[in-house]
Each structure stands twice: as structure tokens, then as C-alpha cells.
file input_35.pdb (PDB, C-alpha atoms and all ligand atoms)
MODEL        1
ATOM      1  CA  MET A1000     102.872 230.288  22.048  1.00  0.00           C
ATOM      2  CA  THR A1001     103.549 230.171  25.771  1.00  0.00           C
ATOM      3  CA  ILE A1002     103.146 226.984  27.791  1.00  0.00           C
ATOM      4  CA  SER A1003     101.156 227.555  30.975  1.00  0.00           C
ATOM      5  CA  ALA A1004     102.352 226.226  34.338  1.00  0.00           C
ATOM      6  CA  ASP A1005      99.626 223.546  34.307  1.00  0.00           C
ATOM      7  CA  GLU A1006     100.631 222.432  30.829  1.00  0.00           C
ATOM      8  CA  ARG A1007     104.276 222.298  31.886  1.00  0.00           C
ATOM      9  CA  ASP A1008     103.362 220.175  34.895  1.00  0.00           C
ATOM     10  CA  ALA A1009     101.343 217.834  32.684  1.00  0.00           C
ATOM     11  CA  LEU A1010     104.344 217.294  30.421  1.00  0.00           C
ATOM     12  CA  TYR A1011     106.641 216.491  33.339  1.00  0.00           C
ATOM     13  CA  LYS A1012     104.001 214.154  34.752  1.00  0.00           C
ATOM     14  CA  VAL A1013     103.980 212.266  31.454  1.00  0.00           C
ATOM     15  CA  ILE A1014     107.784 212.140  31.330  1.00  0.00           C
ATOM     16  CA  TYR A1015     108.232 210.859  34.874  1.00  0.00           C
ATOM     17  CA  SER A1016     105.346 208.373  34.801  1.00  0.00           C
ATOM     18  CA  ARG A1017     106.230 206.842  31.407  1.00  0.00           C
ATOM     19  CA  ARG A1018     107.308 203.246  31.838  1.00  0.00           C
ATOM     20  CA  ASP A1019     108.513 200.401  29.685  1.00  0.00           C
ATOM     21  CA  VAL A1020     105.540 198.031  29.923  1.00  0.00           C
ATOM     22  CA  ARG A1021     106.009 194.294  29.528  1.00  0.00           C
ATOM     23  CA  GLY A1022     103.502 192.598  31.776  1.00  0.00           C
ATOM     24  CA  GLN A1023     100.380 194.655  32.458  1.00  0.00           C
ATOM     25  CA  PHE A1024      98.750 194.840  29.035  1.00  0.00           C
ATOM     26  CA  LEU A1025      94.962 194.561  28.769  1.00  0.00           C
ATOM     27  CA  ALA A1026      93.291 193.090  25.696  1.00  0.00           C
ATOM     28  CA  ASP A1027      91.082 196.207  25.280  1.00  0.00           C
ATOM     29  CA  PRO A1028      91.295 197.453  21.702  1.00  0.00           C
ATOM     30  CA  VAL A1029      93.152 200.689  20.957  1.00  0.00           C
ATOM     31  CA  PRO A1030      90.796 202.994  19.006  1.00  0.00           C
ATOM     32  CA  GLU A1031      92.047 204.016  15.562  1.00  0.00           C
ATOM     33  CA  GLU A1032      91.821 207.737  16.341  1.00  0.00           C
ATOM     34  CA  VAL A1033      93.915 207.330  19.502  1.00  0.00           C
ATOM     35  CA  LEU A1034      96.568 205.346  17.644  1.00  0.00           C
ATOM     36  CA  ARG A1035      96.560 207.956  14.901  1.00  0.00           C
ATOM     37  CA  ARG A1036      97.218 210.757  17.415  1.00  0.00           C
ATOM     38  CA  VAL A1037     100.122 208.808  18.858  1.00  0.00           C
ATOM     39  CA  LEU A1038     101.597 208.064  15.418  1.00  0.00           C
ATOM     40  CA  ASP A1039     101.149 211.692  14.379  1.00  0.00           C
ATOM     41  CA  ALA A1040     103.053 212.769  17.517  1.00  0.00           C
ATOM     42  CA  ALA A1041     105.836 210.390  16.448  1.00  0.00           C
ATOM     43  CA  HIS A1042     105.752 211.894  12.949  1.00  0.00           C
ATOM     44  CA  HIS A1043     106.325 215.345  14.473  1.00  0.00           C
ATOM     45  CA  ALA A1044     109.638 214.343  16.037  1.00  0.00           C
ATOM     46  CA  PRO A1045     112.776 216.227  15.038  1.00  0.00           C
ATOM     47  CA  SER A1046     114.787 214.648  12.228  1.00  0.00           C
ATOM     48  CA  VAL A1047     118.163 215.387  10.737  1.00  0.00           C
ATOM     49  CA  GLY A1048     117.802 217.686   7.710  1.00  0.00           C
ATOM     50  CA  PHE A1049     114.010 217.180   8.103  1.00  0.00           C
ATOM     51  CA  MET A1050     114.628 213.774   6.577  1.00  0.00           C
ATOM     52  CA  GLN A1051     111.680 212.086   8.366  1.00  0.00           C
ATOM     53  CA  PRO A1052     113.307 208.695   7.800  1.00  0.00           C
ATOM     54  CA  TRP A1053     110.632 206.766   9.701  1.00  0.00           C
ATOM     55  CA  ASP A1054     107.777 204.514   8.657  1.00  0.00           C
ATOM     56  CA  PHE A1055     105.353 202.833  11.028  1.00  0.00           C
ATOM     57  CA  VAL A1056     104.168 199.278  10.447  1.00  0.00           C
ATOM     58  CA  VAL A1057     101.035 198.740  12.550  1.00  0.00           C
ATOM     59  CA  VAL A1058     100.429 195.084  13.346  1.00  0.00           C
ATOM     60  CA  ARG A1059      97.291 193.766  14.995  1.00  0.00           C
ATOM     61  CA  ASP A1060      97.334 190.319  13.343  1.00  0.00           C
ATOM     62  CA  PHE A1061      98.019 187.646  15.965  1.00  0.00           C
ATOM     63  CA  GLU A1062      99.771 185.299  13.523  1.00  0.00           C
ATOM     64  CA  VAL A1063     102.260 187.972  12.508  1.00  0.00           C
ATOM     65  CA  ARG A1064     102.860 188.854  16.149  1.00  0.00           C
ATOM     66  CA  LYS A1065     103.529 185.157  16.782  1.00  0.00           C
ATOM     67  CA  GLN A1066     106.333 185.340  14.212  1.00  0.00           C
ATOM     68  CA  ILE A1067     107.776 188.352  16.022  1.00  0.00           C
ATOM     69  CA  LYS A1068     107.521 186.457  19.310  1.00  0.00           C
ATOM     70  CA  ALA A1069     109.402 183.512  17.790  1.00  0.00           C
ATOM     71  CA  GLY A1070     112.162 185.912  16.711  1.00  0.00           C
ATOM     72  CA  PHE A1071     112.298 187.242  20.262  1.00  0.00           C
ATOM     73  CA  GLU A1072     112.598 183.723  21.707  1.00  0.00           C
ATOM     74  CA  THR A1073     115.620 182.995  19.511  1.00  0.00           C
ATOM     75  CA  ALA A1074     117.430 186.212  20.431  1.00  0.00           C
ATOM     76  CA  HIS A1075     116.400 185.873  24.089  1.00  0.00           C
ATOM     77  CA  ALA A1076     118.021 182.427  24.348  1.00  0.00           C
ATOM     78  CA  GLU A1077     121.195 183.819  22.754  1.00  0.00           C
ATOM     79  CA  ALA A1078     121.133 186.706  25.225  1.00  0.00           C
ATOM     80  CA  ALA A1079     120.742 184.452  28.269  1.00  0.00           C
ATOM     81  CA  ALA A1080     123.886 182.555  27.237  1.00  0.00           C
ATOM     82  CA  MET A1081     125.859 185.835  27.339  1.00  0.00           C
ATOM     83  CA  PHE A1082     125.324 186.326  31.081  1.00  0.00           C
ATOM     84  CA  GLU A1083     127.173 184.291  33.726  1.00  0.00           C
ATOM     85  CA  GLY A1084     125.818 182.352  36.710  1.00  0.00           C
ATOM     86  CA  ALA A1085     123.334 184.166  38.934  1.00  0.00           C
ATOM     87  CA  LYS A1086     122.998 187.021  36.431  1.00  0.00           C
ATOM     88  CA  ARG A1087     121.881 184.508  33.810  1.00  0.00           C
ATOM     89  CA  GLU A1088     119.200 183.156  36.119  1.00  0.00           C
ATOM     90  CA  GLN A1089     118.047 186.661  36.991  1.00  0.00           C
ATOM     91  CA  TYR A1090     117.986 187.617  33.292  1.00  0.00           C
ATOM     92  CA  ARG A1091     115.880 184.532  32.558  1.00  0.00           C
ATOM     93  CA  SER A1092     113.425 185.508  35.315  1.00  0.00           C
ATOM     94  CA  PHE A1093     112.648 188.883  33.708  1.00  0.00           C
ATOM     95  CA  LYS A1094     109.639 189.386  31.496  1.00  0.00           C
ATOM     96  CA  LEU A1095     111.088 191.437  28.643  1.00  0.00           C
ATOM     97  CA  GLU A1096     108.253 191.635  26.118  1.00  0.00           C
ATOM     98  CA  GLY A1097     104.475 191.726  25.784  1.00  0.00           C
ATOM     99  CA  ILE A1098     104.304 190.912  22.068  1.00  0.00           C
ATOM    100  CA  LEU A1099     101.229 188.704  22.216  1.00  0.00           C
ATOM    101  CA  GLU A1100      99.478 190.354  25.172  1.00  0.00           C
ATOM    102  CA  ALA A1101      99.498 193.907  23.800  1.00  0.00           C
ATOM    103  CA  PRO A1102      96.793 194.226  21.121  1.00  0.00           C
ATOM    104  CA  VAL A1103      98.935 196.389  18.812  1.00  0.00           C
ATOM    105  CA  GLY A1104     102.528 196.157  17.695  1.00  0.00           C
ATOM    106  CA  VAL A1105     104.206 199.031  15.886  1.00  0.00           C
ATOM    107  CA  CYS A1106     107.515 198.683  14.101  1.00  0.00           C
ATOM    108  CA  VAL A1107     109.283 202.041  13.730  1.00  0.00           C
ATOM    109  CA  THR A1108     111.811 201.901  10.909  1.00  0.00           C
ATOM    110  CA  CYS A1109     114.522 204.063   9.347  1.00  0.00           C
ATOM    111  CA  ASP A1110     114.894 204.500   5.602  1.00  0.00           C
ATOM    112  CA  ARG A1111     118.563 205.391   5.365  1.00  0.00           C
ATOM    113  CA  THR A1112     118.183 206.400   1.717  1.00  0.00           C
ATOM    114  CA  ARG A1113     115.279 208.810   2.183  1.00  0.00           C
ATOM    115  CA  SER A1114     115.839 212.300   0.775  1.00  0.00           C
ATOM    116  CA  GLY A1115     119.021 211.414  -1.119  1.00  0.00           C
ATOM    117  CA  GLU A1116     122.744 210.979  -0.530  1.00  0.00           C
ATOM    118  CA  VAL A1117     123.641 214.276   1.124  1.00  0.00           C
ATOM    119  CA  VAL A1118     121.477 215.337   4.055  1.00  0.00           C
ATOM    120  CA  ILE A1119     121.867 218.518   6.083  1.00  0.00           C
ATOM    121  CA  GLY A1120     123.308 217.588   9.486  1.00  0.00           C
ATOM    122  CA  ARG A1121     124.224 214.032   8.522  1.00  0.00           C
ATOM    123  CA  THR A1122     127.379 214.714   6.557  1.00  0.00           C
ATOM    124  CA  ALA A1123     129.907 214.239   9.397  1.00  0.00           C
ATOM    125  CA  ASN A1124     127.847 211.669  11.306  1.00  0.00           C
ATOM    126  CA  PRO A1125     125.859 209.322   9.065  1.00  0.00           C
ATOM    127  CA  GLU A1126     124.095 207.607  11.985  1.00  0.00           C
ATOM    128  CA  MET A1127     121.985 210.744  12.591  1.00  0.00           C
ATOM    129  CA  ASP A1128     119.123 209.239  10.563  1.00  0.00           C
ATOM    130  CA  LEU A1129     118.877 206.366  13.050  1.00  0.00           C
ATOM    131  CA  TYR A1130     118.869 208.829  15.938  1.00  0.00           C
ATOM    132  CA  SER A1131     116.006 210.658  14.205  1.00  0.00           C
ATOM    133  CA  SER A1132     113.889 207.515  14.116  1.00  0.00           C
ATOM    134  CA  VAL A1133     114.629 207.056  17.815  1.00  0.00           C
ATOM    135  CA  CYS A1134     113.315 210.593  18.408  1.00  0.00           C
ATOM    136  CA  ALA A1135     110.082 209.416  16.768  1.00  0.00           C
ATOM    137  CA  VAL A1136     109.981 206.459  19.126  1.00  0.00           C
ATOM    138  CA  GLN A1137     110.343 208.738  22.134  1.00  0.00           C
ATOM    139  CA  ASN A1138     107.585 211.055  20.915  1.00  0.00           C
ATOM    140  CA  LEU A1139     105.353 208.031  20.389  1.00  0.00           C
ATOM    141  CA  TRP A1140     106.164 206.698  23.865  1.00  0.00           C
ATOM    142  CA  LEU A1141     105.330 209.984  25.599  1.00  0.00           C
ATOM    143  CA  ALA A1142     102.179 210.628  23.560  1.00  0.00           C
ATOM    144  CA  ALA A1143     101.028 207.092  24.358  1.00  0.00           C
ATOM    145  CA  ARG A1144     101.546 207.751  28.081  1.00  0.00           C
ATOM    146  CA  ALA A1145      99.454 210.913  27.759  1.00  0.00           C
ATOM    147  CA  GLU A1146      96.732 208.673  26.257  1.00  0.00           C
ATOM    148  CA  ASN A1147      97.153 206.256  29.201  1.00  0.00           C
ATOM    149  CA  LEU A1148      98.556 203.655  26.826  1.00  0.00           C
ATOM    150  CA  GLY A1149     101.486 201.497  27.816  1.00  0.00           C
ATOM    151  CA  VAL A1150     104.423 200.940  25.451  1.00  0.00           C
ATOM    152  CA  GLY A1151     107.142 198.318  25.661  1.00  0.00           C
ATOM    153  CA  TRP A1152     110.208 198.426  23.428  1.00  0.00           C
ATOM    154  CA  VAL A1153     111.420 194.971  22.408  1.00  0.00           C
ATOM    155  CA  SER A1154     114.945 195.012  21.004  1.00  0.00           C
ATOM    156  CA  ILE A1155     115.833 191.394  21.788  1.00  0.00           C
ATOM    157  CA  ILE A1156     115.238 190.318  18.197  1.00  0.00           C
ATOM    158  CA  HIS A1157     117.360 190.318  15.062  1.00  0.00           C
ATOM    159  CA  HIS A1158     116.520 192.913  12.416  1.00  0.00           C
ATOM    160  CA  ASP A1159     116.262 190.226   9.736  1.00  0.00           C
ATOM    161  CA  SER A1160     113.594 188.329  11.630  1.00  0.00           C
ATOM    162  CA  VAL A1161     111.521 191.539  11.914  1.00  0.00           C
ATOM    163  CA  ARG A1162     112.100 192.249   8.193  1.00  0.00           C
ATOM    164  CA  GLN A1163     110.964 188.760   7.295  1.00  0.00           C
ATOM    165  CA  ALA A1164     107.823 188.820   9.450  1.00  0.00           C
ATOM    166  CA  LEU A1165     106.735 192.234   8.143  1.00  0.00           C
ATOM    167  CA  GLY A1166     107.991 192.176   4.556  1.00  0.00           C
ATOM    168  CA  ILE A1167     110.345 195.103   5.198  1.00  0.00           C
ATOM    169  CA  PRO A1168     112.848 195.738   2.367  1.00  0.00           C
ATOM    170  CA  GLU A1169     116.542 195.064   2.968  1.00  0.00           C
ATOM    171  CA  HIS A1170     117.595 198.745   2.937  1.00  0.00           C
ATOM    172  CA  ILE A1171     115.141 199.699   5.698  1.00  0.00           C
ATOM    173  CA  VAL A1172     116.329 199.355   9.318  1.00  0.00           C
ATOM    174  CA  PRO A1173     113.726 198.128  11.808  1.00  0.00           C
ATOM    175  CA  VAL A1174     114.585 200.498  14.662  1.00  0.00           C
ATOM    176  CA  ALA A1175     112.016 199.435  17.261  1.00  0.00           C
ATOM    177  CA  TRP A1176     109.303 196.903  17.866  1.00  0.00           C
ATOM    178  CA  LEU A1177     106.823 198.536  20.234  1.00  0.00           C
ATOM    179  CA  CYS A1178     104.079 196.679  22.101  1.00  0.00           C
ATOM    180  CA  ILE A1179     101.168 199.073  22.650  1.00  0.00           C
ATOM    181  CA  GLY A1180      98.002 198.728  24.684  1.00  0.00           C
ATOM    182  CA  TYR A1181      96.015 199.820  27.705  1.00  0.00           C
ATOM    183  CA  VAL A1182      97.411 198.551  30.995  1.00  0.00           C
ATOM    184  CA  SER A1183      96.149 197.501  34.419  1.00  0.00           C
ATOM    185  CA  PHE A1184      98.712 199.824  36.049  1.00  0.00           C
ATOM    186  CA  PHE A1185     101.994 201.617  35.464  1.00  0.00           C
ATOM    187  CA  HIS A1186     104.948 200.827  37.724  1.00  0.00           C
ATOM    188  CA  ASP A1187     106.218 203.874  39.665  1.00  0.00           C
ATOM    189  CA  THR A1188     109.854 203.071  38.894  1.00  0.00           C
ATOM    190  CA  PRO A1189     111.667 201.004  36.228  1.00  0.00           C
ATOM    191  CA  GLU A1190     111.215 197.280  36.683  1.00  0.00           C
ATOM    192  CA  LEU A1191     114.961 196.670  36.315  1.00  0.00           C
ATOM    193  CA  GLU A1192     115.540 199.131  39.173  1.00  0.00           C
ATOM    194  CA  GLN A1193     112.945 197.371  41.339  1.00  0.00           C
ATOM    195  CA  ALA A1194     114.607 194.018  40.615  1.00  0.00           C
ATOM    196  CA  GLY A1195     117.984 195.368  41.785  1.00  0.00           C
ATOM    197  CA  TRP A1196     119.522 194.916  38.319  1.00  0.00           C
ATOM    198  CA  LEU A1197     120.758 198.506  38.183  1.00  0.00           C
ATOM    199  CA  PRO A1198     120.001 201.657  40.189  1.00  0.00           C
ATOM    200  CA  ARG A1199     119.062 205.032  38.728  1.00  0.00           C
ATOM    201  CA  LEU A1200     122.289 207.021  38.565  1.00  0.00           C
ATOM    202  CA  ALA A1201     122.500 210.362  40.366  1.00  0.00           C
ATOM    203  CA  LEU A1202     122.110 213.254  37.948  1.00  0.00           C
ATOM    204  CA  GLU A1203     124.986 215.038  39.703  1.00  0.00           C
ATOM    205  CA  GLU A1204     127.378 212.259  38.604  1.00  0.00           C
ATOM    206  CA  LEU A1205     126.369 212.765  34.986  1.00  0.00           C
ATOM    207  CA  VAL A1206     126.398 216.527  34.625  1.00  0.00           C
ATOM    208  CA  HIS A1207     129.825 217.946  33.880  1.00  0.00           C
ATOM    209  CA  GLN A1208     130.521 221.647  34.078  1.00  0.00           C
ATOM    210  CA  GLU A1209     132.680 223.177  31.356  1.00  0.00           C
ATOM    211  CA  GLN A1210     134.882 220.041  30.854  1.00  0.00           C
ATOM    212  CA  TRP A1211     134.193 216.259  30.979  1.00  0.00           C
TER     213      TRP A1211
HETATM  214  C1  LIG B1301     116.694 201.187  22.966  1.00  0.00           C
HETATM  215  C2  LIG B1301     115.900 200.474  24.026  1.00  0.00           C
HETATM  216  C3  LIG B1301     115.724 199.093  23.934  1.00  0.00           C
HETATM  217  C4  LIG B1301     115.004 198.429  24.918  1.00  0.00           C
HETATM  218  C5  LIG B1301     114.465 199.141  26.002  1.00  0.00           C
HETATM  219  C6  LIG B1301     114.628 200.537  26.062  1.00  0.00           C
HETATM  220  C7  LIG B1301     115.326 201.196  25.102  1.00  0.00           C
HETATM  221  C8  LIG B1301     115.474 202.687  25.186  1.00  0.00           C
HETATM  222  N1  LIG B1301     113.766 198.460  26.980  1.00  0.00           N
HETATM  223  C9  LIG B1301     113.224 199.186  28.129  1.00  0.00           C
HETATM  224  C10 LIG B1301     114.244 199.451  29.212  1.00  0.00           C
HETATM  225  O1  LIG B1301     114.533 198.271  29.914  1.00  0.00           O
HETATM  226  C11 LIG B1301     113.652 200.496  30.156  1.00  0.00           C
HETATM  227  O2  LIG B1301     113.442 201.671  29.423  1.00  0.00           O
HETATM  228  C12 LIG B1301     114.555 200.820  31.328  1.00  0.00           C
HETATM  229  O3  LIG B1301     114.713 199.681  32.131  1.00  0.00           O
HETATM  230  C13 LIG B1301     113.989 201.964  32.173  1.00  0.00           C
HETATM  231  O4  LIG B1301     112.656 201.691  32.553  1.00  0.00           O
HETATM  232  P1  LIG B1301     111.456 202.656  32.177  1.00  0.00           P
HETATM  233  O5  LIG B1301     111.410 202.778  30.695  1.00  0.00           O
HETATM  234  O6  LIG B1301     111.723 203.986  32.815  1.00  0.00           O
HETATM  235  O7  LIG B1301     110.225 201.981  32.735  1.00  0.00           O
HETATM  236  C14 LIG B1301     113.485 197.113  26.825  1.00  0.00           C
HETATM  237  N2  LIG B1301     112.716 196.457  27.747  1.00  0.00           N
HETATM  238  C15 LIG B1301     112.424 195.143  27.587  1.00  0.00           C
HETATM  239  O8  LIG B1301     111.712 194.574  28.417  1.00  0.00           O
HETATM  240  N3  LIG B1301     112.882 194.453  26.496  1.00  0.00           N
HETATM  241  C16 LIG B1301     113.664 195.032  25.565  1.00  0.00           C
HETATM  242  O9  LIG B1301     114.066 194.380  24.611  1.00  0.00           O
HETATM  243  C17 LIG B1301     113.994 196.407  25.719  1.00  0.00           C
HETATM  244  N4  LIG B1301     114.779 197.061  24.823  1.00  0.00           N
ENDMDL
END
call {"tool": "encode", "arguments": {"input": "input_35.pdb", "output": "C-alpha cells"}}
result
Amino acid sequence: MTISADERDALYKVIYSRRDVRGQFLADPVPEEVLRRVLDAAHHAPSVGFMQPWDFVVVRDFEVRKQIKAGFETAHAEAAAMFEGAKREQYRSFKLEGILEAPVGVCVTCDRTRSGEVVIGRTANPEMDLYSSVCAVQNLWLAARAENLGVGWVSIIHHDSVRQALGIPEHIVPVAWLCIGYVSFFHDTPELEQAGWLPRLALEELVHQEQW
């Protein structure tokens, strides 16, 4: 199957206009069939040894999301204490989650025991299952953008507090909490770039020819 030039351009448009959304969520409900398309895109991510280590916990319940938010607040306060002086104040000024504003939360997990002890491609590097679940997150993020849905990844939370709120077993790793919903607008560039936290690095500095 060949990808046409228009289809190629559409993919790049999705890639470059995808943003991490924290503050522009609308309360509009996300239709089940749209969410299913996005989750199915995630489920078609590559995975080491075709392990498909992911599960998706879909959370609409406000009370459960309040528990997730409380877990964020704890980890967020710990994080603020790790920065010094002006950086701490700037960190505190950032909005870094939309847990209660986005109508849907999805927890993407990794079952490190799925498909047995020895997995093709994971023998030398056991963390490859976690990378696979991250591939699912990226697929989800891009598919959501193609559906004009915003996604925000919240990682400022301890795994155990996510496990507790969602009843996730001990051996499952909660890889990502994703806030999902329609948005009033998408920023053109990353918010941390706009805030002067960090610039986008030049590709030329990152591409090495033949040797590091
Ligand atoms: C693994 C991981 C974890 C997080 C993030 C991303 C990724 C990949 N990002 C989003 C991150 O800040 C954002 O992707 C970059 O700033 C670049 O912006 P765009 O995604 O291009 O808008 C993120 N953002 C946020 O507000 N709270 C968070 O806890 C996290 N955690």
C-alpha cells in the first residue's frame, strides 16, 4: 500500500501540531466510538516480541480522578522542593495537568509478565516492554490529535498512588496517566518552550554521522 502525498502531509501535520495539553480542555464528552478508534490505534503500536504488554484503564468517574489529582498534588509538592530559587517559583507557576478538567483519563500500563519469561527482543534489554507501552502512548497521542482531541501526559505522580486509585495489581506498571478531551485551541509550540524553560534543540546538534 502506497501513501499518497496528501496522506503523507496529513501525517506530518498531526505530528507537528500535536501538543501536550494541560489547560485548554473543554467539558464536551468524548464519544465512545472516537475513544475506541484512539485506543485501537494505541493497540496497533509496535511491541517487543509482539508482547502487547499494555492495558488501558479508561476513567470518566470524577471521584476517581480526584484521587489521581490528590496523588499529583503530593508528587508536585515534592517536585517543587527539588528546584532552587527562581526555578522553583517558575516550576510552581506552570500548569502541569488537566486531570479534573479533561472528561476522560486513560492509564496506559505495562504487564511485565505478559507472554512469559523469555521474549524475543527483550533478552539483552529487559526494559523493552516498558518502551513498547510508551510506543502505545505515542500512537494514542497522535491518533487523538487526528481526532482533534487534546492529550496531556501526567507523570508527576507515584506509581503506587495510581495503582491504589485504579485497583491495578502490584506487578503491573502504570506507564502513563493521560488526560484526554476536546480543547479550545492547540498551542503552536510547546508551553515549556514558550515559557523560556528550555528551547527546542537544533536537529543538526543531535544527528551524528557515522560516529557519536
Ligand atoms: C514521558 C513524559 C512525561 C511527561 C510529559 C511528556 C512525556 C513524554 N509531559 C509533556 C512534556 O512537557 C511535553 O511533551 C514537552 O514539553 C513538549 O511539548 P509538546 O508535547 O510538544 O507540546 C508532561 N507535561 C506535564 O504538564 N506534566 C507532566 O507530568 C508531563 N510528563
call {"tool": "residues_around", "arguments": {"input": "input_35.pdb", "residues": "Tyr1090 in chain A", "least_positions_apart": "5", "cutoff": "12 Å", "atoms": "all atoms listed in the file", "output": "list in words"}}
result
His1075, Ala1076, Glu1077, Ala1078, Ala1079, Ala1080, Met1081, Phe1082, Glu1083, Gly1084, Ala1085, Leu1095, Leu1191, Ala1194, Gly1195 and Trp1196 of chain A
call {"tool": "atom_distance", "arguments": {"input": "input_35.pdb", "atom1": "CA of Ala1074 in chain A", "atom2": "CA of Gly1149 in chain A"}}
result
23.3 Å
call {"tool": "residues_around", "arguments": {"input": "input_35.pdb", "residues": "Leu1129 in chain A", "least_positions_apart": "4", "cutoff": "12 Å", "atoms": "all atoms listed in the file", "output": "PyMOL selection string"}}
result
chain A and resi 1045-1047+1050-1053+1107-1113+1121+1124-1125+1133-1136+1171-1175
call {"tool": "residues_around", "arguments": {"input": "input_35.pdb", "residues": "Val1153 in chain A", "least_positions_apart": "6", "cutoff": "10 Å", "atoms": "all atoms listed in the file", "output": "list of chain:residue names"}}
result
A:Asp1019, A:Arg1021, A:Ile1067, A:Lys1068, A:Phe1071, A:Leu1095, A:Glu1096, A:Gly1097, A:Ile1098, A:Cys1106, A:Ala1175, A:Trp1176, A:Leu1177, A:Cys1178
call {"tool": "atom_distance", "arguments": {"input": "input_35.pdb", "atom1": "atom O9 of ligand LIG 1301 (chain B)", "atom2": "CA of Ala1201 in chain A"}}
result
24.0 Å
call {"tool": "closest_residue", "arguments": {"input": "input_35.pdb", "among": "A:Ile1002, A:Leu1197, A:Ile1119, A:Ala1143", "to": "Ala1041 in chain A", "atoms": "all atoms listed in the file"}}
result
A:Ala1143
call {"tool": "atom_distance", "arguments": {"input": "input_35.pdb", "atom1": "CA of Arg1087 in chain A", "atom2": "CA of Phe1024 in chain A"}}
result
25.8 Å
call {"tool": "closest_residue", "arguments": {"input": "input_35.pdb", "among": "A:Tyr1181, A:Phe1093, A:Trp1211, A:Phe1049", "to": "ligand LIG 1301 (chain B)", "atoms": "all atoms listed in the file"}}
result
A:Phe1093
call {"tool": "residues_around", "arguments": {"input": "input_35.pdb", "residues": "Pro1198 in chain A", "least_positions_apart": "6", "cutoff": "12 Å", "atoms": "all atoms listed in the file", "output": "tab-separated table (two decimals) with C-alpha atoms, in the coordinates of the input"}}
result
chain	number	residue	atom	x	y	z
A	1188	THR	CA	109.85	203.07	38.89
A	1189	PRO	CA	111.67	201.00	36.23
A	1190	GLU	CA	111.22	197.28	36.68
A	1191	LEU	CA	114.96	196.67	36.32
A	1192	GLU	CA	115.54	199.13	39.17
call {"tool": "resolve_selection", "arguments": {"input": "input_35.pdb", "expression": "the PyMOL selection byres (((chain A and resi 1157) around 9) and not hetatm)", "output": "list of chain:residue names"}}
result
A:Gly1070, A:Phe1071, A:Thr1073, A:Ala1074, A:Ser1154, A:Ile1155, A:Ile1156, A:His1158, A:Asp1159, A:Ser1160, A:Val1161, A:Arg1162
call {"tool": "closest_residue", "arguments": {"input": "input_35.pdb", "among": "A:Arg1017, A:Arg1059, A:His1170, A:Lys1086", "to": "ligand LIG 1301 (chain B)", "atoms": "all atoms listed in the file"}}
result
A:Arg1017
call {"tool": "closest_residue", "arguments": {"input": "input_35.pdb", "among": "A:Lys1012, A:His1207, A:Arg1035, A:Arg1018", "to": "ligand LIG 1301 (chain B)", "atoms": "all atoms listed in the file"}}
result
A:Arg1018
call {"tool": "closest_residue", "arguments": {"input": "input_35.pdb", "among": "A:Val1037, A:Glu1209, A:Gly1022, A:Glu1032", "to": "Arg1144 in chain A", "atoms": "only C-alpha atoms"}}
result
A:Val1037
call {"tool": "residues_around", "arguments": {"input": "input_35.pdb", "residues": "Pro1102 in chain A", "least_positions_apart": "5", "cutoff": "9 Å", "atoms": "all atoms listed in the file", "output": "list in words"}}
result
Phe1024, Leu1025, Ala1026, Asp1027, Pro1028, Val1029, Val1058, Arg1059, Asp1060, Phe1061, Cys1178, Ile1179, Gly1180 and Tyr1181 of chain A
call {"tool": "axis_aligned_box", "arguments": {"input": "input_35.pdb", "around": "range 1017-1036 of chain A", "padding_each_side": "8 Å", "output": "AutoDock Vina command-line options"}}
result
--center_x 99.7 --center_y 201.7 --center_z 23.7 --size_x 33.7 --size_y 34.2 --size_z 33.6
call {"tool": "decode", "arguments": {"input": "input_35.pdb", "residues": "range 1038-1075 of chain A", "atoms": "C-alpha atoms", "output": "mmCIF file, in the first residue's frame"}}
result
data_model
loop_
_atom_site.group_PDB
_atom_site.id
_atom_site.type_symbol
_atom_site.label_atom_id
_atom_site.label_comp_id
_atom_site.auth_asym_id
_atom_site.auth_seq_id
_atom_site.Cartn_x
_atom_site.Cartn_y
_atom_site.Cartn_z
ATOM 1 C CA LEU A 1038 -7.352 3.123 21.810
ATOM 2 C CA ASP A 1039 -7.257 0.775 18.823
ATOM 3 C CA ALA A 1040 -4.510 2.942 17.277
ATOM 4 C CA ALA A 1041 -2.601 2.580 20.558
ATOM 5 C CA HIS A 1042 -3.159 -1.187 20.446
ATOM 6 C CA HIS A 1043 -1.548 -1.272 16.987
ATOM 7 C CA ALA A 1044 1.748 0.129 18.251
ATOM 8 C CA PRO A 1045 4.901 -1.936 17.809
ATOM 9 C CA SER A 1046 5.849 -4.100 20.784
ATOM 10 C CA VAL A 1047 8.877 -6.179 21.606
ATOM 11 C CA GLY A 1048 8.328 -9.803 20.539
ATOM 12 C CA PHE A 1049 4.703 -8.761 19.785
ATOM 13 C CA MET A 1050 4.235 -8.848 23.538
ATOM 14 C CA GLN A 1051 1.483 -6.171 23.575
ATOM 15 C CA PRO A 1052 2.196 -5.521 27.255
ATOM 16 C CA TRP A 1053 -0.322 -2.681 27.544
ATOM 17 C CA ASP A 1054 -3.745 -2.355 29.122
ATOM 18 C CA PHE A 1055 -5.865 0.780 29.093
ATOM 19 C CA VAL A 1056 -7.865 1.839 32.135
ATOM 20 C CA VAL A 1057 -10.483 4.359 30.983
ATOM 21 C CA VAL A 1058 -11.642 6.633 33.786
ATOM 22 C CA ARG A 1059 -14.529 9.058 33.490
ATOM 23 C CA ASP A 1060 -15.581 8.947 37.164
ATOM 24 C CA PHE A 1061 -14.894 12.314 38.800
ATOM 25 C CA GLU A 1062 -14.270 10.826 42.255
ATOM 26 C CA VAL A 1063 -11.574 8.512 40.934
ATOM 27 C CA ARG A 1064 -9.995 11.379 39.015
ATOM 28 C CA LYS A 1065 -9.986 13.359 42.270
ATOM 29 C CA GLN A 1066 -7.862 10.599 43.812
ATOM 30 C CA ILE A 1067 -5.450 10.841 40.887
ATOM 31 C CA LYS A 1068 -5.345 14.617 41.328
ATOM 32 C CA ALA A 1069 -4.513 14.190 45.023
ATOM 33 C CA GLY A 1070 -1.632 11.893 44.045
ATOM 34 C CA PHE A 1071 -0.421 14.556 41.628
ATOM 35 C CA GLU A 1072 -0.542 17.248 44.331
ATOM 36 C CA THR A 1073 1.684 15.167 46.612
ATOM 37 C CA ALA A 1074 4.286 14.473 43.925
ATOM 38 C CA HIS A 1075 4.063 18.055 42.630
#
